[in-house]
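Trainee: This structure is in structure tokens; I'll ask about it shortly.
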Amino acid sequence: MAMSMMVMAQHVTPLNIQIAEVKLDSLRALYQVEPTMYRASLDVVQEQLERNAEELKQASAELKAEQAHAKEMENAIKEAAKMAASLKKLYAKEEAEIKSMQQVVEKQQRALNKQKELNEENRENYRLLLENQQKELGYELREIAERLRSISDLETVLQNHRTQLINYMREVEEKAAQLAVLNAQHKERLAVLKAEQKAAKSMQ
């Protein structure tokens, strides 16, 4: 019930990771006669890739939190929708019972109008009792109508949250796919670098 009527759009934190490139050809051309400098330049690339590894680890933890959040939101919306449906049913039943009671009172009022044998005092007392009952039942009906309106508002809010959640889940899926590509890219470039560093060690 506490869900806000305003539904703020939720978005995943975008990925902003550039995997360091291993440009072996240009590095070799630059340092072909200076093996020490070549090895040092490979170490610089290694440091960049190590930083990337940290960024990817952080992004992975972030993605896990976003996936968990999406799941929690989905469950919360599901539970709230279930509760709203249950209350709606309950209020509708209550409304039907009160309307039925109103009909009984109306029947008693009609019967009283035909009752000519009762003295004025008794008729008046009974008339007031039935009138008070009708007022009370009318008040109850207005209250139920208000509660049903609130449930209807809540269902609209839940529908908006559901739409937002679908968009958010799509973003989460896209981020997971992007992260998988970046991880594969990182793994591949790291393997190329390690092989080159091994080969560069044998250079004089």
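Identifiers in the structure tokens: chain A, B, ... in order shown; residue index from 1 per chain; ligand index from 1 in order shown.
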Counting only C-alpha atoms, what are the residues of stretch 10-89 of chain A within 12 Å of stretch 93-113 of chain A, and for each of them which pair of atoms is the nearest and at what distance in Å, to one decimal? Sort the table by chain and rising number, as CSV.
Mentor:
```
residue,atom,partner,partner_atom,distance
A:Ser86,CA,A:Lys93,CA,10.8
A:Leu87,CA,A:Lys93,CA,9.8
A:Lys88,CA,A:Lys93,CA,8.6
A:Lys89,CA,A:Lys93,CA,6.2
```
Trainee: Find the residues around A:Gln10 up to 8 Å (only C-alpha atoms counted), leave out those fewer than 5 positions away in its own chain, and share them as a list in words.
Mentor: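 Counting only the stated atoms, we get Gln164, Leu165 and Tyr168 of chain A.
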Trainee: Skip A:Glu47 itself and residues of its chain fewer than 5 positions away, then list as a ChimeraX atom specification all residues within 12 Å of it, counting only C-alpha atoms.
Mentor: /A:19-22,40-42,52-54,190,193
